[in-house]
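The file structure.pdb comes next; it holds PDB, C-alpha atoms.
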```
ATOM      1  CA  MET A   1    -211.958  83.784-136.506
ATOM      2  CA  VAL A   2    -208.333  84.862-136.561
ATOM      3  CA  LYS A   3    -206.117  82.424-134.782
ATOM      4  CA  ALA A   4    -204.198  83.790-131.807
ATOM      5  CA  TYR A   5    -200.594  82.609-131.911
ATOM      6  CA  ASP A   6    -198.705  81.934-128.703
ATOM      7  CA  HIS A   7    -195.414  83.621-127.989
ATOM      8  CA  GLU A   8    -193.247  80.807-129.451
ATOM      9  CA  GLU A   9    -195.249  80.656-132.666
ATOM     10  CA  GLN A  10    -195.010  84.418-133.027
ATOM     11  CA  GLU A  11    -191.229  84.224-132.688
ATOM     12  CA  GLN A  12    -191.062  81.504-135.371
ATOM     13  CA  ILE A  13    -193.225  83.570-137.711
ATOM     14  CA  ALA A  14    -191.067  86.611-137.120
ATOM     15  CA  GLU A  15    -187.926  84.582-137.847
ATOM     16  CA  LEU A  16    -189.505  83.187-141.036
ATOM     17  CA  LYS A  17    -190.448  86.678-142.187
ATOM     18  CA  ALA A  18    -186.952  87.946-141.493
ATOM     19  CA  TRP A  19    -185.399  84.979-143.340
ATOM     20  CA  TRP A  20    -187.716  85.463-146.313
ATOM     21  CA  ALA A  21    -186.986  89.199-146.377
ATOM     22  CA  ARG A  22    -183.278  88.402-146.553
ATOM     23  CA  TYR A  23    -183.238  85.356-148.850
ATOM     24  CA  GLY A  24    -186.621  85.343-150.560
ATOM     25  CA  ASN A  25    -185.440  86.922-153.823
ATOM     26  CA  ALA A  26    -182.524  84.508-154.073
ATOM     27  CA  VAL A  27    -184.802  81.522-153.451
ATOM     28  CA  LEU A  28    -187.218  82.696-156.110
ATOM     29  CA  THR A  29    -184.350  83.176-158.530
ATOM     30  CA  VAL A  30    -183.062  79.637-157.952
ATOM     31  CA  VAL A  31    -186.533  78.083-158.170
ATOM     32  CA  THR A  32    -187.272  80.044-161.339
ATOM     33  CA  ALA A  33    -183.981  78.935-162.886
ATOM     34  CA  VAL A  34    -184.706  75.282-162.046
ATOM     35  CA  LEU A  35    -188.209  75.484-163.491
ATOM     36  CA  LEU A  36    -186.914  77.190-166.611
ATOM     37  CA  GLY A  37    -184.235  74.503-166.937
ATOM     38  CA  VAL A  38    -186.831  71.732-166.698
ATOM     39  CA  ALA A  39    -189.045  73.530-169.198
ATOM     40  CA  ALA A  40    -186.099  74.079-171.540
ATOM     41  CA  PHE A  41    -185.081  70.413-171.310
ATOM     42  CA  ASN A  42    -188.606  69.212-172.053
ATOM     43  CA  GLY A  43    -188.894  71.800-174.806
ATOM     44  CA  TRP A  44    -185.614  70.652-176.330
ATOM     45  CA  ARG A  45    -186.773  67.043-176.285
ATOM     46  CA  TRP A  46    -190.011  68.043-177.991
ATOM     47  CA  TYR A  47    -188.052  70.128-180.498
ATOM     48  CA  GLN A  48    -185.741  67.199-181.272
ATOM     49  CA  ARG A  49    -188.661  64.813-181.752
ATOM     50  CA  ALA A  50    -190.468  67.307-183.980
ATOM     51  CA  HIS A  51    -187.294  67.904-185.986
ATOM     52  CA  ALA A  52    -186.716  64.170-186.427
ATOM     53  CA  SER A  53    -190.306  63.687-187.580
ATOM     54  CA  GLU A  54    -190.029  66.502-190.119
ATOM     55  CA  ALA A  55    -186.656  65.195-191.329
ATOM     56  CA  ALA A  56    -188.171  61.726-191.754
ATOM     57  CA  GLY A  57    -190.840  63.196-194.015
ATOM     58  CA  SER A  58    -188.230  64.948-196.143
ATOM     59  CA  TYR A  59    -186.177  61.763-196.297
ATOM     60  CA  GLU A  60    -189.188  59.853-197.654
ATOM     61  CA  VAL A  61    -189.419  62.474-200.414
ATOM     62  CA  LEU A  62    -185.703  62.018-201.099
ATOM     63  CA  LEU A  63    -186.045  58.232-201.339
ATOM     64  CA  LYS A  64    -188.834  58.605-203.885
ATOM     65  CA  ALA A  65    -186.847  61.178-205.879
ATOM     66  CA  ALA A  66    -183.767  58.930-205.882
ATOM     67  CA  ALA A  67    -185.842  55.968-207.108
ATOM     68  CA  ASP A  68    -187.242  58.161-209.883
ATOM     69  CA  LYS A  69    -183.755  59.547-210.631
ATOM     70  CA  ASP A  70    -185.247  63.037-210.416
ATOM     71  CA  MET A  71    -182.079  65.061-209.826
ATOM     72  CA  LYS A  72    -183.842  68.335-209.039
ATOM     73  CA  ARG A  73    -186.018  66.744-206.378
ATOM     74  CA  VAL A  74    -183.000  64.879-205.020
ATOM     75  CA  ASP A  75    -181.120  68.157-204.663
ATOM     76  CA  ASP A  76    -184.124  69.952-203.176
ATOM     77  CA  ALA A  77    -184.946  67.237-200.643
ATOM     78  CA  SER A  78    -181.361  66.532-199.591
ATOM     79  CA  GLY A  79    -180.602  70.252-199.430
ATOM     80  CA  GLU A  80    -183.597  70.825-197.169
ATOM     81  CA  ILE A  81    -182.491  68.069-194.786
ATOM     82  CA  LEU A  82    -178.878  69.258-194.624
ATOM     83  CA  GLU A  83    -179.935  72.873-194.104
ATOM     84  CA  LYS A  84    -182.882  72.490-191.718
ATOM     85  CA  TYR A  85    -182.146  69.240-189.896
ATOM     86  CA  PRO A  86    -178.333  68.838-189.846
ATOM     87  CA  SER A  87    -178.295  67.469-186.293
ATOM     88  CA  THR A  88    -180.658  64.575-187.036
ATOM     89  CA  GLY A  89    -179.567  61.102-188.073
ATOM     90  CA  TYR A  90    -181.269  61.627-191.417
ATOM     91  CA  ALA A  91    -178.753  64.265-192.526
ATOM     92  CA  PRO A  92    -175.756  61.991-193.209
ATOM     93  CA  LEU A  93    -178.063  59.382-194.742
ATOM     94  CA  ALA A  94    -179.495  62.036-197.063
ATOM     95  CA  ALA A  95    -176.001  63.183-198.035
ATOM     96  CA  PHE A  96    -174.887  59.599-198.764
ATOM     97  CA  LEU A  97    -177.972  58.906-200.863
ATOM     98  CA  ALA A  98    -177.683  62.155-202.821
ATOM     99  CA  ALA A  99    -173.981  61.461-203.392
ATOM    100  CA  ARG A 100    -174.762  58.022-204.796
ATOM    101  CA  VAL A 101    -177.405  59.403-207.150
ATOM    102  CA  HIS A 102    -175.029  62.085-208.405
ATOM    103  CA  TYR A 103    -172.204  59.563-208.766
ATOM    104  CA  ASP A 104    -174.376  57.166-210.756
ATOM    105  CA  ALA A 105    -175.289  60.092-213.026
ATOM    106  CA  GLY A 106    -171.590  60.856-213.586
ATOM    107  CA  ASP A 107    -171.801  64.091-211.582
ATOM    108  CA  PHE A 108    -168.654  63.604-209.513
ATOM    109  CA  LYS A 109    -168.495  67.214-208.357
ATOM    110  CA  ASN A 110    -171.836  67.129-206.541
ATOM    111  CA  ALA A 111    -171.201  63.605-205.255
ATOM    112  CA  GLN A 112    -167.933  64.856-203.801
ATOM    113  CA  ALA A 113    -169.642  67.867-202.184
ATOM    114  CA  LYS A 114    -172.262  65.708-200.450
ATOM    115  CA  LEU A 115    -169.648  63.288-199.117
ATOM    116  CA  GLN A 116    -167.514  66.182-197.907
ATOM    117  CA  TRP A 117    -170.537  67.435-195.964
ATOM    118  CA  VAL A 118    -170.641  64.150-194.076
ATOM    119  CA  VAL A 119    -166.900  64.296-193.386
ATOM    120  CA  ASP A 120    -167.215  67.832-192.040
ATOM    121  CA  ASN A 121    -170.534  67.638-190.199
ATOM    122  CA  ALA A 122    -171.604  64.119-189.206
ATOM    123  CA  ARG A 123    -171.548  63.563-185.448
ATOM    124  CA  ASP A 124    -170.910  59.841-185.737
ATOM    125  CA  GLU A 125    -167.259  58.977-186.373
ATOM    126  CA  GLU A 126    -168.167  55.852-188.327
ATOM    127  CA  PHE A 127    -170.291  57.928-190.707
ATOM    128  CA  ARG A 128    -167.391  60.342-191.195
ATOM    129  CA  ASN A 129    -164.959  57.509-191.915
ATOM    130  CA  MET A 130    -167.362  55.821-194.327
ATOM    131  CA  ALA A 131    -167.729  59.145-196.144
ATOM    132  CA  ARG A 132    -163.922  59.502-196.326
ATOM    133  CA  LEU A 133    -163.656  56.066-197.921
ATOM    134  CA  ARG A 134    -166.356  56.826-200.464
ATOM    135  CA  LEU A 135    -164.931  60.276-201.147
ATOM    136  CA  ALA A 136    -161.487  58.781-201.785
ATOM    137  CA  ASN A 137    -163.035  56.366-204.287
ATOM    138  CA  VAL A 138    -164.725  59.258-206.103
ATOM    139  CA  LEU A 139    -161.398  61.093-206.248
ATOM    140  CA  VAL A 140    -159.657  57.995-207.597
ATOM    141  CA  ASP A 141    -162.240  57.804-210.368
ATOM    142  CA  GLN A 142    -161.160  61.340-211.268
ATOM    143  CA  LYS A 143    -157.484  60.319-211.071
ATOM    144  CA  ALA A 144    -156.945  62.728-208.178
ATOM    145  CA  PHE A 145    -154.648  60.212-206.490
ATOM    146  CA  ASP A 146    -152.726  62.530-204.175
ATOM    147  CA  GLU A 147    -155.936  64.159-202.949
ATOM    148  CA  ALA A 148    -157.445  60.728-202.319
ATOM    149  CA  GLN A 149    -154.418  59.735-200.240
ATOM    150  CA  LYS A 150    -154.811  62.895-198.141
ATOM    151  CA  VAL A 151    -158.450  62.041-197.458
ATOM    152  CA  LEU A 152    -157.369  58.570-196.288
ATOM    153  CA  ALA A 153    -154.374  59.780-194.282
ATOM    154  CA  PRO A 154    -155.975  59.956-190.800
ATOM    155  CA  ASP A 155    -156.089  56.455-189.356
ATOM    156  CA  MET A 156    -159.413  54.626-189.134
ATOM    157  CA  PRO A 157    -160.237  51.901-186.613
ATOM    158  CA  GLY A 158    -161.306  48.330-187.275
ATOM    159  CA  GLN A 159    -162.524  47.041-190.598
ATOM    160  CA  LEU A 160    -162.865  50.540-192.009
ATOM    161  CA  GLY A 161    -159.147  50.944-191.373
ATOM    162  CA  ALA A 162    -158.505  47.724-193.286
ATOM    163  CA  LEU A 163    -160.604  48.960-196.218
ATOM    164  CA  ALA A 164    -158.786  52.292-196.177
ATOM    165  CA  ALA A 165    -155.395  50.548-196.230
ATOM    166  CA  GLU A 166    -156.507  48.378-199.150
ATOM    167  CA  LEU A 167    -157.620  51.458-201.081
ATOM    168  CA  LYS A 168    -154.304  53.152-200.333
ATOM    169  CA  GLY A 169    -152.580  50.112-201.808
ATOM    170  CA  ASP A 170    -154.773  50.286-204.916
ATOM    171  CA  ILE A 171    -153.876  53.956-205.356
ATOM    172  CA  TYR A 172    -150.169  53.223-205.015
ATOM    173  CA  VAL A 173    -150.501  50.559-207.708
ATOM    174  CA  LEU A 174    -152.110  53.132-209.996
ATOM    175  CA  GLN A 175    -149.254  55.493-209.185
ATOM    176  CA  ALA A 176    -146.683  52.779-210.021
ATOM    177  CA  LYS A 177    -145.410  52.641-206.425
ATOM    178  CA  PRO A 178    -145.295  48.882-205.740
ATOM    179  CA  GLY A 179    -143.237  49.172-202.563
ATOM    180  CA  ASP A 180    -145.774  51.482-200.957
ATOM    181  CA  ALA A 181    -148.600  49.309-202.266
ATOM    182  CA  LYS A 182    -147.129  46.207-200.598
ATOM    183  CA  ALA A 183    -146.846  48.026-197.270
ATOM    184  CA  ALA A 184    -150.443  49.239-197.526
ATOM    185  CA  TYR A 185    -151.791  45.777-198.348
ATOM    186  CA  LYS A 186    -149.887  44.271-195.423
ATOM    187  CA  THR A 187    -151.429  46.911-193.155
ATOM    188  CA  ALA A 188    -154.852  46.001-194.540
ATOM    189  CA  LEU A 189    -154.268  42.341-193.633
ATOM    190  CA  ASP A 190    -153.074  43.304-190.148
ATOM    191  CA  LYS A 191    -156.198  45.381-189.558
ATOM    192  CA  ALA A 192    -158.659  42.964-191.174
ATOM    193  CA  ASP A 193    -161.132  40.949-189.168
ATOM    194  CA  SER A 194    -159.764  37.419-188.923
ATOM    195  CA  LYS A 195    -163.230  36.057-189.788
ATOM    196  CA  ASP A 196    -163.540  38.101-192.985
ATOM    197  CA  SER A 197    -161.996  35.495-195.277
ATOM    198  CA  ASN A 198    -163.257  37.108-198.492
ATOM    199  CA  PHE A 199    -161.525  40.386-197.717
ATOM    200  CA  ARG A 200    -158.311  38.716-196.600
ATOM    201  CA  GLU A 201    -158.175  36.517-199.708
ATOM    202  CA  ARG A 202    -158.763  39.504-201.996
ATOM    203  CA  VAL A 203    -156.004  41.567-200.408
ATOM    204  CA  GLN A 204    -153.644  38.598-200.332
ATOM    205  CA  ARG A 205    -154.138  38.099-204.084
ATOM    206  CA  LYS A 206    -153.244  41.743-204.664
ATOM    207  CA  LEU A 207    -150.177  41.361-202.485
ATOM    208  CA  ASP A 208    -149.124  38.145-204.233
ATOM    209  CA  GLY A 209    -149.525  39.921-207.565
ATOM    210  CA  LEU A 210    -146.787  42.311-206.476
ATOM    211  CA  SER A 211    -144.319  39.574-205.515
ATOM    212  CA  GLY A 212    -141.096  39.976-207.397
ATOM    213  CA  VAL A 213    -141.905  43.610-208.145
ATOM    214  CA  ALA A 214    -139.412  46.017-206.605
TER     215      ALA A 214
END
```
Now that the file is in, can you turn its structure into C-alpha coordinates?
Amino acid sequence: MVKAYDHEEQEQIAELKAWWARYGNAVLTVVTAVLLGVAAFNGWRWYQRAHASEAAGSYEVLLKAAADKDMKRVDDASGEILEKYPSTGYAPLAAFLAARVHYDAGDFKNAQAKLQWVVDNARDEEFRNMARLRLANVLVDQKAFDEAQKVLAPDMPGQLGALAAELKGDIYVLQAKPGDAKAAYKTALDKADSKDSNFRERVQRKLDGLSGVA
(Lines of atoms letter the chains of each structure in order from A and count residues from 1; the text may use other names and numbers.)
(Lines give C-alpha, C1' and ligand atoms only; values in the text may rest on other atoms or scores of the structure.)
Protein backbone atom coordinates (compact mmCIF):
# COMPACT_ATOMS: atom_id res chain seq x y z
CA MET A 1 0.00 0.00 0.00
CA VAL A 2 1.30 3.44 -0.89
CA LYS A 3 1.80 5.58 2.13
CA ALA A 4 -0.23 8.79 2.24
CA TYR A 5 1.95 11.68 3.36
CA ASP A 6 0.48 14.51 5.41
CA HIS A 7 0.78 18.09 4.29
CA GLU A 8 4.01 18.80 6.26
CA GLU A 9 5.74 15.70 4.94
CA GLN A 10 4.73 16.60 1.40
CA GLU A 11 6.26 20.05 1.83
CA GLN A 12 9.52 18.51 3.12
CA ILE A 13 9.64 16.11 0.19
CA ALA A 14 9.02 18.93 -2.23
CA GLU A 15 11.81 20.98 -0.63
CA LEU A 16 14.17 17.99 -0.80
CA LYS A 17 13.36 17.46 -4.47
CA ALA A 18 13.93 21.12 -5.22
CA TRP A 19 17.25 21.10 -3.30
CA TRP A 20 18.40 17.95 -5.09
CA ALA A 21 17.39 19.40 -8.46
CA ARG A 22 19.53 22.45 -7.72
CA TYR A 23 22.54 20.88 -5.97
CA GLY A 24 22.37 17.19 -6.79
CA ASN A 25 24.95 17.27 -9.59
CA ALA A 26 27.39 19.23 -7.45
CA VAL A 27 26.96 16.79 -4.55
CA LEU A 28 27.56 13.84 -6.83
CA THR A 29 30.65 15.51 -8.23
CA VAL A 30 32.09 16.11 -4.75
CA VAL A 31 31.26 12.60 -3.54
CA THR A 32 32.74 11.10 -6.70
CA ALA A 33 35.91 13.15 -6.28
CA VAL A 34 36.27 12.04 -2.65
CA LEU A 35 35.75 8.39 -3.55
CA LEU A 36 38.22 8.66 -6.41
CA GLY A 37 40.72 10.31 -4.05
CA VAL A 38 40.37 7.49 -1.52
CA ALA A 39 40.70 4.92 -4.29
CA ALA A 40 43.73 6.71 -5.72
CA PHE A 41 45.38 6.90 -2.29
CA ASN A 42 44.82 3.20 -1.62
CA GLY A 43 45.94 2.41 -5.16
CA TRP A 44 49.10 4.45 -4.69
CA ARG A 45 49.88 2.65 -1.45
CA TRP A 46 49.40 -0.70 -3.18
CA TYR A 47 51.54 0.49 -6.09
CA GLN A 48 54.31 1.59 -3.72
CA ARG A 49 54.25 -1.73 -1.86
CA ALA A 50 54.29 -3.68 -5.12
CA HIS A 51 57.14 -1.54 -6.44
CA ALA A 52 59.16 -2.03 -3.25
CA SER A 53 58.62 -5.78 -3.42
CA GLU A 54 59.74 -5.94 -7.05
CA ALA A 55 62.75 -3.72 -6.30
CA ALA A 56 63.70 -6.00 -3.40
CA GLY A 57 63.75 -8.96 -5.78
CA SER A 58 66.00 -7.11 -8.21
CA TYR A 59 68.26 -6.05 -5.35
CA GLU A 60 68.69 -9.70 -4.30
CA VAL A 61 69.83 -10.44 -7.86
CA LEU A 62 72.25 -7.51 -7.64
CA LEU A 63 73.70 -8.75 -4.35
CA LYS A 64 74.34 -12.17 -5.86
CA ALA A 65 75.90 -10.64 -8.99
CA ALA A 66 78.15 -8.40 -6.88
CA ALA A 67 79.29 -11.39 -4.80
CA ASP A 68 80.07 -13.27 -8.02
CA LYS A 69 81.76 -10.17 -9.49
CA ASP A 70 79.59 -10.63 -12.58
CA MET A 71 79.82 -7.13 -14.06
CA LYS A 72 77.15 -7.66 -16.72
CA ARG A 73 74.60 -8.87 -14.20
CA VAL A 74 75.59 -6.06 -11.84
CA ASP A 75 74.94 -3.52 -14.59
CA ASP A 76 71.69 -5.19 -15.65
CA ALA A 77 70.28 -5.50 -12.13
CA SER A 78 71.34 -2.05 -10.94
CA GLY A 79 70.17 -0.49 -14.20
CA GLU A 80 66.76 -2.11 -13.82
CA ILE A 81 66.38 -0.78 -10.27
CA LEU A 82 67.46 2.76 -11.17
CA GLU A 83 65.20 2.83 -14.23
CA LYS A 84 62.07 1.09 -12.94
CA TYR A 85 62.15 1.76 -9.20
CA PRO A 86 64.01 5.07 -8.71
CA SER A 87 61.68 6.24 -5.94
CA THR A 88 62.27 3.20 -3.72
CA GLY A 89 64.91 2.98 -1.01
CA TYR A 90 66.63 0.24 -2.97
CA ALA A 91 67.69 2.61 -5.76
CA PRO A 92 70.46 4.50 -3.93
CA LEU A 93 71.62 1.25 -2.30
CA ALA A 94 71.84 -0.37 -5.74
CA ALA A 95 73.80 2.60 -7.10
CA PHE A 96 76.24 2.50 -4.15
CA LEU A 97 76.77 -1.24 -4.52
CA ALA A 98 77.27 -1.05 -8.29
CA ALA A 99 79.69 1.85 -7.81
CA ARG A 100 81.75 -0.17 -5.34
CA VAL A 101 81.91 -3.16 -7.68
CA HIS A 102 83.01 -0.96 -10.57
CA TYR A 103 85.54 0.85 -8.38
CA ASP A 104 87.05 -2.41 -7.14
CA ALA A 105 87.37 -3.49 -10.79
CA GLY A 106 89.23 -0.26 -11.61
CA ASP A 107 86.31 1.07 -13.67
CA PHE A 108 86.26 4.59 -12.25
CA LYS A 109 84.06 6.00 -14.99
CA ASN A 110 81.09 3.74 -14.22
CA ALA A 111 81.66 4.05 -10.47
CA GLN A 112 81.52 7.81 -10.88
CA ALA A 113 78.31 7.61 -12.94
CA LYS A 114 76.52 5.50 -10.31
CA LEU A 115 77.54 7.83 -7.49
CA GLN A 116 76.47 10.85 -9.51
CA TRP A 117 73.05 9.22 -9.88
CA VAL A 118 72.70 9.17 -6.10
CA VAL A 119 73.81 12.80 -5.83
CA ASP A 120 71.26 13.84 -8.45
CA ASN A 121 68.32 11.60 -7.56
CA ALA A 122 68.35 10.27 -3.99
CA ARG A 123 65.55 11.71 -1.86
CA ASP A 124 67.47 11.34 1.38
CA GLU A 125 69.98 14.13 1.98
CA GLU A 126 72.30 11.85 3.93
CA PHE A 127 72.47 9.46 0.97
CA ARG A 128 73.29 12.37 -1.34
CA ASN A 129 76.05 13.62 0.97
CA MET A 130 77.52 10.14 1.38
CA ALA A 131 77.58 9.81 -2.41
CA ARG A 132 79.33 13.20 -2.71
CA LEU A 133 82.03 12.04 -0.29
CA ARG A 134 82.55 8.78 -2.16
CA LEU A 135 82.47 10.53 -5.52
CA ALA A 136 85.12 13.01 -4.35
CA ASN A 137 87.33 10.09 -3.31
CA VAL A 138 86.94 8.50 -6.74
CA LEU A 139 87.90 11.80 -8.37
CA VAL A 140 90.94 12.12 -6.11
CA ASP A 141 92.06 8.66 -7.21
CA GLN A 142 91.96 10.04 -10.76
CA LYS A 143 93.87 13.16 -9.65
CA ALA A 144 90.89 15.34 -10.55
CA PHE A 145 91.52 17.50 -7.49
CA ASP A 146 89.67 20.65 -8.52
CA GLU A 147 86.60 18.66 -9.55
CA ALA A 148 86.68 16.81 -6.23
CA GLN A 149 86.76 20.12 -4.35
CA LYS A 150 83.71 21.31 -6.30
CA VAL A 151 81.81 18.17 -5.33
CA LEU A 152 82.66 18.83 -1.67
CA ALA A 153 81.96 22.57 -1.81
CA PRO A 154 78.35 22.59 -0.50
CA ASP A 155 78.45 22.29 3.27
CA MET A 156 77.43 19.03 4.93
CA PRO A 157 76.03 18.71 8.45
CA GLY A 158 77.41 16.70 11.35
CA GLN A 159 80.01 14.00 11.04
CA LEU A 160 79.69 13.90 7.27
CA GLY A 161 80.73 17.55 7.28
CA ALA A 162 83.77 16.63 9.37
CA LEU A 163 84.71 13.86 6.93
CA ALA A 164 84.26 16.23 4.00
CA ALA A 165 86.51 18.84 5.64
CA GLU A 166 89.17 16.19 6.30
CA LEU A 167 89.06 15.11 2.66
CA LYS A 168 89.35 18.73 1.54
CA GLY A 169 92.46 18.99 3.69
CA ASP A 170 93.90 15.83 2.13
CA ILE A 171 93.29 17.26 -1.34
CA TYR A 172 94.99 20.53 -0.43
CA VAL A 173 98.01 18.56 0.79
CA LEU A 174 98.15 16.78 -2.56
CA GLN A 175 97.93 20.16 -4.26
CA ALA A 176 100.79 21.51 -2.10
CA LYS A 177 98.53 24.06 -0.39
CA PRO A 178 99.44 23.61 3.30
CA GLY A 179 97.71 26.78 4.47
CA ASP A 180 94.39 25.68 3.01
CA ALA A 181 94.96 22.16 4.33
CA LYS A 182 95.45 23.46 7.88
CA ALA A 183 92.21 25.45 7.70
CA ALA A 184 90.32 22.42 6.39
CA TYR A 185 91.66 20.13 9.12
CA LYS A 186 90.73 22.67 11.79
CA THR A 187 87.21 22.79 10.36
CA ALA A 188 87.10 18.99 10.48
CA LEU A 189 88.00 19.07 14.19
CA ASP A 190 85.38 21.75 14.86
CA LYS A 191 82.70 19.67 13.16
CA ALA A 192 83.77 16.30 14.57
CA ASP A 193 81.77 14.46 17.19
CA SER A 194 83.52 15.00 20.51
CA LYS A 195 83.14 11.27 21.27
CA ASP A 196 84.81 10.16 18.03
CA SER A 197 88.34 10.03 19.43
CA ASN A 198 89.75 7.97 16.55
CA PHE A 199 88.70 10.55 13.98
CA ARG A 200 89.89 13.48 16.06
CA GLU A 201 93.28 11.86 16.69
CA ARG A 202 93.74 11.08 13.00
CA VAL A 203 92.96 14.63 11.90
CA GLN A 204 95.09 16.10 14.68
CA ARG A 205 98.07 14.04 13.49
CA LYS A 206 97.59 15.40 9.98
CA LEU A 207 97.38 18.92 11.35
CA ASP A 208 100.47 18.44 13.52
CA GLY A 209 102.31 17.13 10.46
CA LEU A 210 101.80 20.53 8.86
CA SER A 211 103.18 22.51 11.81
CA GLY A 212 106.02 24.70 10.72
CA VAL A 213 104.90 24.48 7.10
CA ALA A 214 103.90 27.85 5.67
Any idea what's packed within 7 Å of region 139-152 of chain A, counting all atoms listed in the file, ignoring anything in its chain fewer than 4 positions away? Could you give it as a PDB file with C-alpha atoms, in the frame of the given file?
```pdb
ATOM      1  CA  ARG A 132    -163.922  59.502-196.326  1.00  0.00           C
ATOM      2  CA  LEU A 133    -163.656  56.066-197.921  1.00  0.00           C
ATOM      3  CA  LEU A 135    -164.931  60.276-201.147  1.00  0.00           C
ATOM      4  CA  ALA A 164    -158.786  52.292-196.177  1.00  0.00           C
ATOM      5  CA  LYS A 168    -154.304  53.152-200.333  1.00  0.00           C
ATOM      6  CA  ILE A 171    -153.876  53.956-205.356  1.00  0.00           C
TER       7      ILE A 171
END
```
Picked residues, the PyMOL selection byres ((chain A and resi 124) around 12), as JSON, numbers by chain: {"A": [87, 88, 89, 90, 91, 92, 93, 118, 119, 120, 121, 122, 123, 125, 126, 127, 128, 129, 130, 131]}
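Once the PyMOL selection byres ((chain A and resi 157-162) around 6) is applied to this file, the selection holds Met156, Leu163, Ala164, Ala165, Ala188, Lys191 and Ala192 of chain A.
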With C-alpha atoms retained, could you export that selection as a PDB file, keeping the file's coordinate frame?
```
ATOM      1  CA  MET A 156    -159.413  54.626-189.134  1.00  0.00           C
ATOM      2  CA  LEU A 163    -160.604  48.960-196.218  1.00  0.00           C
ATOM      3  CA  ALA A 164    -158.786  52.292-196.177  1.00  0.00           C
ATOM      4  CA  ALA A 165    -155.395  50.548-196.230  1.00  0.00           C
ATOM      5  CA  ALA A 188    -154.852  46.001-194.540  1.00  0.00           C
ATOM      6  CA  LYS A 191    -156.198  45.381-189.558  1.00  0.00           C
ATOM      7  CA  ALA A 192    -158.659  42.964-191.174  1.00  0.00           C
TER       8      ALA A 192
END
```
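Here CA of Val138 (chain A) is placed at a distance of 21.7 Å from CA of Leu62 (chain A).
Interatomic distance, CA of Pro178 (chain A) against CA of Val203 (chain A): 14.0 Å.
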Could you write out as lines of an AutoDock Vina configuration file the box around region 116-119 of chain A (axis-aligned, all atoms listed in the file, 8 Å on each side), with centre and edge lengths in Å to one decimal?
```
center_x = -168.8
center_y = 65.8
center_z = -195.6
size_x = 19.7
size_y = 19.3
size_z = 20.5
```
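A straight line drawn from CA of Gly179 (chain A) to CA of Pro154 (chain A) is 20.4 Å long.
Comparing A:Ala56, A:Ala65, A:Val101, A:Leu167 by their smallest distance to Tyr85 (chain A), the closest is A:Ala56 (using only C-alpha atoms).
Shortest atom-to-atom contact with Trp117 (chain A) among A:Arg200, A:Val61, A:Ala55, A:Pro86: A:Pro86, counting only C-alpha atoms.
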